[in-house]
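With compact mmCIF, C-alpha atoms and all ligand atoms inside, this is target-v1.txt:
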```txt
# COMPACT_ATOMS: atom_id res chain seq x y z
CA MET W 1 91.09 134.90 121.84
CA ASN W 2 88.20 132.62 120.77
CA MET W 3 88.93 128.93 121.15
CA PRO W 4 87.44 126.79 118.33
CA PHE W 5 84.45 124.78 119.61
CA GLY W 6 86.04 121.36 118.87
CA LEU W 7 89.15 122.31 120.85
CA THR W 8 87.00 123.49 123.78
CA ILE W 9 85.45 120.00 123.84
CA PHE W 10 88.94 118.49 123.50
CA PHE W 11 90.55 120.42 126.36
CA GLY W 12 87.47 119.92 128.56
CA SER W 13 87.65 116.18 127.91
CA LEU W 14 91.39 116.17 128.58
CA THR W 15 90.81 117.81 131.97
CA LEU W 16 88.11 115.30 132.85
CA TRP W 17 90.29 112.41 131.71
CA SER W 18 93.22 113.65 133.85
CA GLY W 19 90.80 113.70 136.80
CA LEU W 20 89.84 110.08 136.08
CA LEU W 21 93.54 109.12 136.03
CA ILE W 22 94.14 110.73 139.42
CA TRP W 23 91.01 109.03 140.79
CA GLY W 24 92.18 105.71 139.31
CA LEU W 25 95.68 106.01 140.82
CA THR W 26 94.19 106.87 144.20
CA ASN W 27 91.64 104.04 144.19
CA LYS W 28 93.53 101.51 142.00
CA LYS W 29 90.51 101.32 139.69
CA PHE W 30 91.26 102.14 136.06
CA THR W 31 88.13 101.07 134.18
CA PRO W 32 86.63 104.63 133.92
CA PHE W 33 90.00 106.01 132.76
CA ILE W 34 90.40 103.26 130.14
CA VAL W 35 86.82 103.46 128.83
CA PHE W 36 87.14 107.24 128.53
CA GLY W 37 90.50 106.78 126.73
CA ILE W 38 88.87 104.50 124.15
CA ALA W 39 85.97 106.92 123.51
CA PHE W 40 88.40 109.85 123.34
CA LEU W 41 90.57 108.02 120.80
CA LEU W 42 87.51 107.38 118.62
CA PHE W 43 86.52 111.07 118.87
CA MET W 44 90.04 111.98 117.65
CA ASN W 45 90.27 109.42 114.84
CA VAL W 46 86.77 109.17 113.38
CA ARG W 47 87.00 112.82 112.34
CA TYR W 48 89.62 111.82 109.70
CA LEU W 49 86.96 109.73 107.97
CA ILE W 50 84.30 112.46 108.29
CA GLU W 51 86.28 115.66 107.54
CA GLY W 52 89.16 114.25 105.50
CA ALA W 53 92.85 114.22 106.42
CA PRO W 54 93.84 117.92 105.94
CA ALA W 55 90.98 119.21 108.14
CA ALA W 56 91.52 116.55 110.81
CA ILE W 57 95.25 117.29 110.82
CA ALA W 58 94.51 121.04 111.22
CA PHE W 59 92.43 120.15 114.30
CA PHE W 60 95.25 117.95 115.59
CA ILE W 61 97.85 120.70 115.13
CA GLY W 62 95.51 123.20 116.82
CA ILE W 63 95.96 121.18 120.02
CA TYR W 64 99.75 121.58 119.92
CA ASP W 65 99.69 125.25 118.90
CA VAL W 66 98.54 126.22 122.39
CA LEU W 67 101.55 124.99 124.37
CA ASP W 68 104.12 125.35 121.58
CA ASN W 69 103.47 129.11 121.42
CA ILE W 70 103.40 129.66 125.15
CA GLY W 71 105.72 132.42 126.37
CA LEU W 72 106.77 133.54 122.87
CA GLN W 73 106.99 137.33 122.42
CA SER W 74 105.50 138.82 119.26
CA GLY W 75 107.98 138.38 116.40
CA GLN W 76 109.93 135.74 118.29
CA THR W 77 110.28 132.23 116.84
CA ALA W 78 112.06 128.94 117.61
CA ALA W 79 113.99 126.36 115.59
CA ALA W 80 111.27 123.68 115.75
CA LEU W 81 108.42 126.05 114.84
CA ALA W 82 107.30 126.96 111.33
CA THR W 83 104.60 128.77 109.36
CA CYS W 84 102.28 127.24 106.76
CA PRO W 85 100.64 128.74 103.64
CA ASP W 86 97.55 130.85 104.56
CA ASN W 87 97.81 129.43 108.08
CA ALA W 88 95.61 126.57 106.81
CA CYS W 89 97.35 123.91 108.92
CA THR W 90 95.49 124.93 112.11
CA VAL W 91 91.90 125.44 113.25
CA TRP W 92 92.93 128.59 115.17
CA GLY W 93 92.46 131.04 112.27
CA SER W 94 95.02 133.84 112.68
CA THR W 95 95.49 133.38 116.46
CA TYR W 96 98.67 131.32 116.09
CA GLU W 97 100.96 131.87 113.11
CA LEU W 98 103.68 129.50 114.32
CA HIS W 99 103.15 125.75 114.55
CA PRO W 100 105.28 122.74 115.42
CA SER W 101 107.29 122.10 112.24
CA TRP W 102 106.44 118.36 112.27
CA GLY W 103 102.81 119.57 112.13
CA THR W 104 103.26 121.84 109.10
CA ALA W 105 105.03 118.95 107.30
CA PHE W 106 102.29 116.51 108.35
CA HIS W 107 99.57 118.82 106.98
CA ASP W 108 101.48 119.40 103.75
CA ARG W 109 102.06 115.64 103.22
CA PHE W 110 98.32 114.97 103.18
CA LEU W 111 97.11 118.24 101.59
CA ASN W 112 99.51 117.97 98.66
CA GLY W 113 100.36 114.26 98.72
CA THR W 114 99.01 111.44 96.57
CA GLU W 115 95.60 109.87 97.09
CA PHE W 116 97.36 106.59 97.75
CA ARG W 117 99.26 108.08 100.71
CA THR W 118 96.03 109.46 102.17
CA ASN W 119 94.34 106.08 101.77
CA LEU W 120 97.26 104.44 103.57
CA LEU W 121 96.70 106.86 106.47
CA TYR W 122 92.94 106.15 106.55
CA ALA W 123 93.56 102.40 106.52
CA HIS W 124 96.25 102.72 109.20
CA LEU W 125 94.12 104.69 111.63
CA THR W 126 90.92 102.76 110.93
CA PHE W 127 92.40 99.29 111.44
CA ASN W 128 94.50 100.35 114.44
CA SER W 129 91.47 102.02 116.05
CA ILE W 130 89.47 98.79 115.60
CA VAL W 131 92.31 96.84 117.22
CA PHE W 132 92.47 99.37 120.05
CA VAL W 133 88.80 98.72 120.88
CA LEU W 134 88.94 94.94 120.38
CA MET W 135 92.04 94.44 122.52
CA HIS W 136 90.21 95.83 125.55
CA ILE W 137 87.26 93.51 124.94
CA GLN W 138 89.77 90.64 124.75
CA LEU W 139 91.43 91.61 128.03
CA TRP W 140 88.13 92.11 129.82
CA ARG W 141 86.67 88.85 128.49
CA PRO W 142 89.63 86.41 128.48
CA GLY W 143 89.23 83.04 126.76
CA THR W 144 87.89 81.13 129.74
CA ALA W 145 85.66 78.09 129.18
CA THR W 146 82.39 79.97 128.55
CA ASN W 147 84.01 82.61 126.34
CA ALA W 148 86.66 80.60 124.46
CA THR W 149 85.11 80.60 120.98
CA LEU W 150 84.32 84.32 120.84
CA HIS W 151 87.72 85.19 122.33
CA ALA W 152 89.53 83.10 119.69
CA TYR W 153 87.41 84.58 116.88
CA LEU W 154 87.94 88.20 118.00
CA GLY W 155 91.63 87.44 118.48
CA ARG W 156 91.95 86.40 114.83
CA VAL W 157 90.03 89.47 113.62
CA SER W 158 92.24 91.73 115.78
CA PHE W 159 95.45 90.16 114.54
CA ALA W 160 94.37 90.54 110.89
CA CYS W 161 93.44 94.22 111.49
CA LEU W 162 96.71 94.84 113.32
CA THR W 163 98.66 93.35 110.43
CA ILE W 164 96.98 95.67 107.91
CA GLY W 165 97.32 98.72 110.20
CA THR W 166 101.01 98.02 110.82
CA VAL W 167 101.86 97.37 107.16
CA CYS W 168 100.26 100.75 106.31
CA ALA W 169 102.34 102.44 109.06
CA ILE W 170 105.57 100.88 107.77
CA TRP W 171 104.68 101.98 104.25
CA LEU W 172 103.90 105.57 105.34
CA ALA W 173 107.14 105.76 107.32
CA ALA W 174 109.15 104.49 104.34
CA SER W 175 108.73 107.94 102.75
CA HIS W 176 109.93 109.88 105.82
CA GLY W 177 113.61 109.86 104.77
CA SER W 178 113.03 113.10 102.86
CA VAL W 179 110.89 114.78 105.57
CA ASP W 180 113.49 116.80 107.50
CA GLU W 181 110.88 118.19 109.91
CA TYR W 182 110.22 114.63 111.16
CA GLY W 183 113.94 113.91 111.47
CA GLY W 184 114.41 112.15 108.09
CA ASN W 185 115.77 108.62 108.31
CA LEU W 186 115.69 108.71 112.12
CA SER W 187 111.92 109.05 111.86
CA MET W 188 111.66 106.22 109.34
CA TYR W 189 113.70 103.80 111.48
CA GLY W 190 111.94 105.03 114.62
CA PHE W 191 108.46 104.27 113.24
CA TRP W 192 109.75 100.89 112.07
CA SER W 193 111.02 100.19 115.58
CA MET W 194 107.59 101.18 116.92
CA SER W 195 105.98 98.69 114.54
CA PHE W 196 108.45 96.07 115.75
CA PHE W 197 107.53 96.65 119.42
CA VAL W 198 103.78 96.64 118.81
CA TYR W 199 103.60 93.78 116.33
CA GLY W 200 106.35 91.82 118.12
CA CYS W 201 104.31 91.70 121.36
CA ALA W 202 101.22 90.56 119.45
CA VAL W 203 103.17 87.84 117.62
CA MET W 204 104.69 86.60 120.90
CA GLY W 205 101.17 86.44 122.38
CA VAL W 206 99.84 84.48 119.41
CA LEU W 207 102.79 82.05 119.43
CA ALA W 208 102.30 81.46 123.18
CA ILE W 209 98.62 80.51 122.83
CA ARG W 210 99.38 78.31 119.81
CA ARG W 211 101.59 76.17 122.03
CA GLY W 212 98.93 76.25 124.77
CA ASP W 213 100.85 78.52 127.17
CA VAL W 214 98.00 80.61 128.61
CA THR W 215 100.18 82.38 131.20
CA SER W 216 102.64 83.72 128.61
CA HIS W 217 99.78 84.57 126.26
CA ARG W 218 98.23 86.79 128.92
CA ILE W 219 101.58 88.45 129.75
CA TRP W 220 102.40 89.24 126.11
CA MET W 221 98.91 90.52 125.34
CA ILE W 222 99.05 92.91 128.32
CA ARG W 223 102.42 94.12 126.97
CA PHE W 224 100.82 94.46 123.54
CA ALA W 225 98.02 96.60 125.02
CA GLY W 226 100.72 98.74 126.69
CA SER W 227 102.52 99.18 123.36
CA MET W 228 99.25 100.30 121.70
CA TRP W 229 98.54 102.81 124.49
CA GLY W 230 102.15 103.95 124.09
CA ALA W 231 101.96 104.27 120.28
CA PHE W 232 98.77 106.30 120.49
CA TRP W 233 98.23 108.08 123.79
CA ILE W 234 101.69 108.27 125.38
CA PHE W 235 103.06 109.44 122.02
CA ARG W 236 100.57 112.31 121.84
CA VAL W 237 100.87 113.27 125.52
CA ILE W 238 104.69 113.52 125.34
CA LEU W 239 104.40 115.48 122.09
CA PHE W 240 102.04 117.94 123.81
CA VAL W 241 103.94 118.36 127.08
CA MET W 242 107.44 118.48 125.62
CA GLY W 243 106.50 120.84 122.75
CA PRO W 244 107.47 124.12 124.48
CA ILE W 245 110.47 122.52 126.23
CA LEU W 246 112.07 121.17 123.05
CA ARG W 247 111.01 123.88 120.58
CA ASP W 248 114.59 125.12 120.18
CA TYR W 249 115.77 121.74 118.89
CA PRO W 250 114.57 120.77 115.39
CA SER W 251 112.74 117.37 115.24
CA ALA W 252 113.78 116.52 118.83
CA ASN W 253 110.23 116.31 120.17
CA ILE W 254 108.74 114.17 117.40
CA LEU W 255 111.77 111.85 117.39
CA LEU W 256 111.55 111.45 121.16
CA CYS W 257 107.90 110.35 120.82
CA ILE W 258 108.55 108.06 117.88
CA TRP W 259 111.39 106.19 119.60
CA VAL W 260 110.19 106.16 123.21
CA SER W 261 106.38 105.84 123.23
CA ALA W 262 105.88 102.13 122.44
CA PRO W 263 108.67 100.73 124.70
CA LEU W 264 107.53 103.08 127.49
CA GLY W 265 103.98 101.77 127.07
CA ILE W 266 105.25 98.19 127.39
CA LEU W 267 107.21 99.11 130.51
CA ILE W 268 104.19 100.75 132.15
CA ALA W 269 101.98 97.75 131.24
CA GLU W 270 104.53 95.42 132.83
CA VAL W 271 104.54 97.44 136.07
CA VAL W 272 100.72 97.62 136.11
CA ARG W 273 100.48 93.85 135.57
CA ARG W 274 102.93 92.99 138.35
CA LYS W 275 101.71 95.55 140.89
CA ILE W 276 97.94 95.64 140.21
CA LEU W 277 96.57 93.03 137.77
CA ASP W 278 98.40 89.95 139.07
CA PRO W 279 97.50 90.54 142.74
CA GLN W 280 93.88 91.28 141.69
CA SER W 281 93.59 88.16 139.51
CA ASN W 282 95.22 85.97 142.19
CA GLY W 283 92.59 87.22 144.64
CA ALA W 284 89.83 86.61 142.08
CA ASN W 285 91.06 83.06 141.40
CA GLN W 286 91.02 82.30 145.10
CA ARG W 287 87.41 83.54 145.24
CA GLY W 288 86.59 81.57 142.07
CA ASP W 289 85.79 84.75 140.04
CA LEU W 290 86.86 85.50 136.47
CA ALA W 291 90.14 87.39 136.15
CA TYR W 292 89.72 91.13 135.20
CA ASP W 293 86.02 91.18 136.13
C1 LIG N 1 102.36 100.16 115.27
C2 LIG N 1 102.58 101.33 115.86
C3 LIG N 1 102.31 102.56 115.03
C4 LIG N 1 103.10 103.10 114.05
C5 LIG N 1 104.44 102.58 113.61
C6 LIG N 1 102.43 104.25 113.55
C7 LIG N 1 102.89 105.06 112.53
C8 LIG N 1 102.23 106.14 112.00
C9 LIG N 1 102.66 106.92 110.89
C10 LIG N 1 103.92 106.65 110.07
C11 LIG N 1 101.76 107.92 110.70
C12 LIG N 1 101.73 108.96 109.57
C13 LIG N 1 102.65 110.12 109.68
C14 LIG N 1 102.97 110.59 108.28
O1 LIG N 1 103.26 109.75 107.42
O2 LIG N 1 103.04 111.80 108.03
C15 LIG N 1 100.74 107.76 111.70
C16 LIG N 1 99.67 108.59 111.89
C17 LIG N 1 98.59 108.27 112.66
N1 LIG N 1 98.42 107.14 113.41
FE1 LIG N 1 99.80 105.76 113.78
N2 LIG N 1 101.25 104.40 114.22
C18 LIG N 1 101.13 103.38 115.13
C19 LIG N 1 100.11 103.15 116.00
C20 LIG N 1 98.89 103.80 115.96
C21 LIG N 1 97.75 103.48 116.75
C22 LIG N 1 97.71 102.38 117.83
C23 LIG N 1 96.74 104.30 116.36
C24 LIG N 1 95.31 104.35 116.81
C25 LIG N 1 94.73 103.46 117.54
C26 LIG N 1 97.27 105.18 115.36
C27 LIG N 1 96.58 106.21 114.74
C28 LIG N 1 97.16 107.18 113.96
C29 LIG N 1 96.53 108.41 113.60
C30 LIG N 1 95.14 108.87 114.01
C31 LIG N 1 97.43 109.10 112.79
C32 LIG N 1 97.26 110.51 112.22
C33 LIG N 1 97.93 111.44 113.22
C34 LIG N 1 97.00 111.79 114.36
O3 LIG N 1 95.94 112.38 114.14
O4 LIG N 1 97.32 111.46 115.51
N3 LIG N 1 98.58 104.84 115.14
N4 LIG N 1 101.05 106.67 112.48
```
Using structure tokens, write down the structure from this file.
Amino acid sequence: MNMPFGLTIFFGSLTLWSGLLIWGLTNKKFTPFIVFGIAFLLFMNVRYLIEGAPAAIAFFIGIYDVLDNIGLQSGQTAAALATCPDNACTVWGSTYELHPSWGTAFHDRFLNGTEFRTNLLYAHLTFNSIVFVLMHIQLWRPGTATNATLHAYLGRVSFACLTIGTVCAIWLAASHGSVDEYGGNLSMYGFWSMSFFVYGCAVMGVLAIRRGDVTSHRIWMIRFAGSMWGAFWIFRVILFVMGPILRDYPSANILLCIWVSAPLGILIAEVVRRKILDPQSNGANQRGDLAYD
């Protein structure tokens, strides 16, 4: 079995990244893990703009093929697995003939869908990727006296990008009612709820700073960052890990990710803030340093 070169890089990076998480949890230092997560996200998303959606989706599905097929005997299948024409929905060639059924539907939607739908996807992932990078810059360089103007400017740019990225996501999800492999209307409402969690945190953060409440602004923007990590990384990690466990239940895995990832991200961000960031920034304030430095 020859693993495609891109997937070798992907799984190697995933292993390294897991190591950075373990190191971070042990030492309570997460900067290497976060920086790697940003670079890794760009590696995953920029390929859509270089290769086009169908090829990038085939790479994406190739990741899930590995675990979703684990333990299956030849000729055996499962309710949440499907085939696709000419096996074109994966980068694995003929190695895996069965794929997660959300994946075959995803590939088909952008191989045979309208140009407008594909452009919505490009706009969605481009603007959300920009926000993902900018929000870390904002958290690392909060709007303290020396940095106030740049922070406010980047904040406005981020919010505008987030608005475009979220509108595109809501629009894409509006057509999911007829996609049974995603879970139909449950997928549509789930993605809308995800948009609500992500955008809602950002709006709360903006409203807080508009009334001059810096403390609430910081809290809501950390929650917002958690929701973005949830919507992107936690979503994809759950989808990967739960694939073989839920493959007998149609749409269960994708629906779980759609409904749970953003609120789970907010919850984790809240715990990280209370247990790690607040004690660190209290210590920094007492020493007269900048928070998050
Ligand atoms: C506001 C929360 C989010 C919602 C509601 C959302 C929704 C969606 C929807 C509906 C699709 C298309 C599925 C289809 O129509 O077949 C999609 C795909 C995608 N989204 Fe999002 N998304 C969100 C957050 C994010 C974030 C934060 C990023 C990146 C920073 C991102 C990047 C992508 C990518 C790259 C794809 C293509 C699938 C993949 O390769 O992973 N999304 N999203």
Contacts between segment 232-240 of chain W and segment 27-130 of chain W, please, where a residue of segment 27-130 of chain W counts if it comes within 9 Å (with all atoms listed in the file); show its shortest atom pair and distance in Å to one decimal, rows by chain and ascending number, as a Markdown table.
```
| residue | atom | partner | partner_atom | distance |
| --- | --- | --- | --- | --- |
| W:Gly37 | CA | W:Trp233 | CA | 8.4 |
| W:Leu41 | CA | W:Trp233 | CA | 8.2 |
| W:Ile63 | CA | W:Phe240 | CA | 7.9 |
| W:Tyr64 | CA | W:Phe240 | CA | 5.8 |
| W:Leu67 | CA | W:Phe240 | CA | 7.1 |
| W:Asp68 | CA | W:Phe240 | CA | 8.0 |
```
Mind listing the residues within 6 Å of ligand LIG 1 (chain N), only C-alpha atoms and all ligand atoms counted, as a list of chain:residue names?
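Based on only C-alpha atoms and all ligand atoms, ligand LIG 1 (chain N) is surrounded within 6 Å by W:Asn45, W:Ile57, W:Phe60, W:Phe106, W:Leu125, W:Asn128, W:Ser129, W:Phe132, W:Thr166, W:Ala169, W:Leu172, W:Ala173, W:Phe191, W:Trp192, W:Met194, W:Ser195, W:Val198, W:Met228, W:Ala231, W:Phe232.
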Would you mind listing what lies within 12 Å of Ile170 of chain W as an NGL selection string, with only C-alpha atoms counted and same-chain residues fewer than 6 positions away left out?
:W and (117 or 120-121 or 124 or 163-164 or 176 or 187-196 or 198-199)
Writer output for current selection, C-alpha atoms, as a PDB file, keeping the file's coordinate frame:
```pdb
ATOM      1  CA  ARG W 117      99.260 108.080 100.710  1.00  0.00           C
ATOM      2  CA  LEU W 120      97.260 104.440 103.570  1.00  0.00           C
ATOM      3  CA  LEU W 121      96.700 106.860 106.470  1.00  0.00           C
ATOM      4  CA  HIS W 124      96.250 102.720 109.200  1.00  0.00           C
ATOM      5  CA  THR W 163      98.660  93.350 110.430  1.00  0.00           C
ATOM      6  CA  ILE W 164      96.980  95.670 107.910  1.00  0.00           C
ATOM      7  CA  HIS W 176     109.930 109.880 105.820  1.00  0.00           C
ATOM      8  CA  SER W 187     111.920 109.050 111.860  1.00  0.00           C
ATOM      9  CA  MET W 188     111.660 106.220 109.340  1.00  0.00           C
ATOM     10  CA  TYR W 189     113.700 103.800 111.480  1.00  0.00           C
ATOM     11  CA  GLY W 190     111.940 105.030 114.620  1.00  0.00           C
ATOM     12  CA  PHE W 191     108.460 104.270 113.240  1.00  0.00           C
ATOM     13  CA  TRP W 192     109.750 100.890 112.070  1.00  0.00           C
ATOM     14  CA  SER W 193     111.020 100.190 115.580  1.00  0.00           C
ATOM     15  CA  MET W 194     107.590 101.180 116.920  1.00  0.00           C
ATOM     16  CA  SER W 195     105.980  98.690 114.540  1.00  0.00           C
ATOM     17  CA  PHE W 196     108.450  96.070 115.750  1.00  0.00           C
ATOM     18  CA  VAL W 198     103.780  96.640 118.810  1.00  0.00           C
ATOM     19  CA  TYR W 199     103.600  93.780 116.330  1.00  0.00           C
TER      20      TYR W 199
END
```
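Of the listed residues (W:Tyr249, W:Met135, W:Leu81, W:Tyr182), W:Met135 comes nearest to Arg156 of chain W; the distances count only C-alpha atoms.
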Within 9 Å of segment 7-15 of chain W, which residues of segment 54-127 of chain W come that close, and what is the closest atom pair and distance in Å for each? Count all atoms listed in the file and give it as JSON lines.
```
{"residue": "W:Phe59", "atom": "CA", "partner": "W:Leu7", "partner_atom": "CA", "distance": 7.6}
{"residue": "W:Gly62", "atom": "CA", "partner": "W:Leu7", "partner_atom": "CA", "distance": 7.6}
{"residue": "W:Ile63", "atom": "CA", "partner": "W:Leu7", "partner_atom": "CA", "distance": 7.0}
{"residue": "W:Val91", "atom": "CA", "partner": "W:Leu7", "partner_atom": "CA", "distance": 8.7}
```
Between W:Thr114, W:Thr144, W:Gly243, W:Val35, which one has atoms that come closest to Ile61 of chain W, using all atoms listed in the file?
W:Gly243
